[in-house]
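The next block holds one structure in the form of structure tokens; read it before the comments.
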Amino acid sequence: MKKFKFIDLFAGIGGFHLAMEQLGGKCVFASEIDKFCIERYKENYGIDADYDITKINPEDVPEHDVLCGGFPCQTFSKAGKQKGFDETRGTLFFYIEKILIAKKPKYIILENVRNLVSHDNGNTWKVIKKHLQSCGYRLTEYPLIISPHQIGVPQLRERVVILGIYDPENVDKYLNIELGKLKEKNDNSIDDILETDNYEKKYKITKQEERVLSAWDEFYKMIDLKVIGFPIWADYFDGHMEEDFPQWKKQFIEKNHALYVLYKSSIDRWLKKWKIYETFTPTQRKLEWQAGDSIESLWDGFIQFRPSGIRVKAPTCFPALVAMVQVPIVGKYKRRLTIREAARLQSFPDDFIYDNNDYQAYKQFGNAVNVDVIKTVSEALFNYKESE
């Protein structure tokens, strides 16, 4: 399509908006209830998105060719309670259905979490599919599952995208949409989105964080075990455990004690030098090495301070940005991911005006759809032709 009209439901800060606009679309309506996102939408696109979809008369929605929506996903997410349609947020999908019945746009593009496909043993997807088909839409048999890293954006973030074409007479025929050759994780590099020197001092790690990471870097180089298949827990080097510990925890403790016995003199010196038990918090006394043998130093990877410990990964792809994020640390720069870099991981342009409040900015990008992902699948949908 050269020119078309679209609506942006559950609009957030406009990931769908940017993708559609780049494909020649004009936004004729946007709906969002978060006041901070509404401000971002207005400032970046000049559109007032301050409309609650639960209070909109579907007949009042402008005519459009494409309905876009990243409907709330917490009820289907593994991070949530997975109540699905039993929870109010889950039923917001049915407000989309009401607009489809009233306006019958040619295309639908909906985004949600990876877990949507398997939620409730697949019944959630069956319900969604049934309702969309009853509205006259042909769909793929299952939603497309795609991550930004597959199109060259270094972020591991699998999401489902539901694509549909209004074709009431053929709703029983599935669309066969191909995305072409996709990239592997190792085809990516975090360097593609990094700001090398144009960042503020506030992103630098603290002296204590640098001290903790330097200690663990020394520890990793001190042992010969370069592929560590279990978390290192300094608190359990002595091998003590309680009877009521679960079996998996007992196995990890046994492995930690065996490692300690093997390198006892070196580890004892390390514990004393860095005052591990005296000056490190319980979580700082844990290391999760998930970089395999791809790097030789902790500072060559990227790092997260997590409740489960310090996690180190190879510098190919960042983990999924989420609304409540432990902001990753770029090892070689000894700083956290900047807000602009977070925007780039979601394929937002550098001229996008983000929130002045860091918490809100990270949250908004974490909740956003990836612009390039939506653009890629939308092009495949708009150019779809029936195979011979």
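Letters for chains follow the order of the structure tokens (A, B, ...), residue numbers begin at 1 for each chain, and ligand numbers begin at 1 in the order shown.
Summary of the local environment: counting only C-alpha atoms, residues at most 10 Å from stretch 253-269 of chain A, other than itself and those fewer than 3 positions away along its chain, are A:Phe219, A:Met222, A:Ile223, A:Asp224, A:Leu225, A:Gly229, A:Phe230, A:Pro231, A:Ile232, A:Trp233, A:Ala234, A:Asp235, A:Tyr236, A:Phe237, A:Asp238, A:Gly239, A:His240, A:Met241, A:Gln247, A:Trp248, A:Lys249, A:Lys250, A:Lys272, A:Lys273, A:Trp274, A:Lys275.
Across the structure, atom CA of A:Phe305 and atom CA of A:Ala291 are spaced 15.2 Å apart.
Distances here use only C-alpha atoms; by that measure, the residue among A:Tyr51, A:Phe16, A:Phe318, A:Phe29 closest to A:Lys185 is A:Phe318.
Among the candidates A:Ile109, A:Ala380, A:Val171, A:Ile53, the residue lying nearest to A:His131 is A:Val171 (atoms considered: only C-alpha atoms).
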Contacts of A:Phe348 at 9 Å (only C-alpha atoms; same-chain gap of 6+ positions) as an mmCIF file with C-alpha atoms, in the first residue's frame:
```
data_model
loop_
_atom_site.group_PDB
_atom_site.id
_atom_site.type_symbol
_atom_site.label_atom_id
_atom_site.label_comp_id
_atom_site.auth_asym_id
_atom_site.auth_seq_id
_atom_site.Cartn_x
_atom_site.Cartn_y
_atom_site.Cartn_z
ATOM 1 C CA GLY A 15 6.123 1.902 18.163
ATOM 2 C CA LEU A 18 6.547 4.842 13.638
ATOM 3 C CA ARG A 340 19.104 6.437 23.869
ATOM 4 C CA ALA A 342 17.393 1.483 24.985
ATOM 5 C CA PHE A 365 10.829 1.677 25.930
ATOM 6 C CA ASN A 370 9.995 -2.928 18.368
ATOM 7 C CA VAL A 371 9.511 -0.627 15.391
ATOM 8 C CA ASP A 372 11.588 -2.650 12.916
#
```
Where in stretch 218-384 of chain A does DSSP assign alpha helix (DSSP H), given as a ChimeraX atom specification? /A:218-222,247-262,264-274,276-279,339-345,358-367,371-382
DSSP-assigned strand (DSSP E or B) members of stretch 15-161 of chain A, reported as JSON, numbers by chain: {"A": [25, 26, 27, 28, 29, 30, 32, 50, 51, 66, 67, 68, 69, 107, 108, 109, 110, 111, 112, 113, 137, 138, 139, 140, 144, 145, 146, 155, 159, 160, 161]}
So that I can check the surroundings of stretch 124-129 of chain A, please list as a ChimeraX atom specification every protein, DNA and RNA residue that reaches within 12 Å of it, counting only C-alpha atoms and ignoring chain neighbours fewer than 3 positions away. /A:75-76,82-86,90-94,96-97,110,112-121,132-143,160-164,171-172,174
Just the residues within 10 Å of A:Asp191, please, counting only C-alpha atoms, with nothing from its chain fewer than 5 positions along; format it as an mmCIF file with N, CA and C atoms, in the first residue's frame.
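Written output follows (selection-v5.cif):
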```cif
data_model
loop_
_atom_site.group_PDB
_atom_site.id
_atom_site.type_symbol
_atom_site.label_atom_id
_atom_site.label_comp_id
_atom_site.auth_asym_id
_atom_site.auth_seq_id
_atom_site.Cartn_x
_atom_site.Cartn_y
_atom_site.Cartn_z
ATOM 1 N N PRO A 154 20.225 -6.049 18.084
ATOM 2 C CA PRO A 154 20.793 -6.950 19.097
ATOM 3 C C PRO A 154 20.032 -7.013 20.418
ATOM 4 N N THR A 196 29.469 5.460 21.870
ATOM 5 C CA THR A 196 30.838 5.211 22.329
ATOM 6 C C THR A 196 31.344 6.260 23.315
ATOM 7 N N PRO A 315 28.635 -10.490 24.469
ATOM 8 C CA PRO A 315 28.201 -9.213 23.902
ATOM 9 C C PRO A 315 27.601 -9.334 22.502
ATOM 10 N N THR A 316 26.687 -10.273 22.328
ATOM 11 C CA THR A 316 26.007 -10.410 21.025
ATOM 12 C C THR A 316 24.658 -9.725 21.056
ATOM 13 N N CYS A 317 23.823 -10.071 22.022
ATOM 14 C CA CYS A 317 22.488 -9.484 22.142
ATOM 15 C C CYS A 317 22.180 -9.145 23.589
ATOM 16 N N VAL A 330 27.339 -2.241 30.260
ATOM 17 C CA VAL A 330 28.247 -2.533 29.158
ATOM 18 C C VAL A 330 29.648 -2.625 29.749
#
```
Atom CA of A:Gly14 and atom CA of A:Glu195, how far apart in Å? 23.1 Å
Straight-line distance linking atom CA of A:Phe71 with atom CA of A:Leu156, stated in Å to one decimal: 20.5 Å
For A:Asn356, work out the shell of residues within 12 Å, counting only C-alpha atoms and skipping chain neighbours fewer than 3 positions away, then give it as a PyMOL selection string. chain A and resi 36+39-40+339-340+353+359-362+364
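The shortest atom-to-atom distance to A:Leu179, with only C-alpha atoms taken into account, belongs to A:Leu144 out of A:Ala49, A:Leu321, A:Leu144, A:Ile193.
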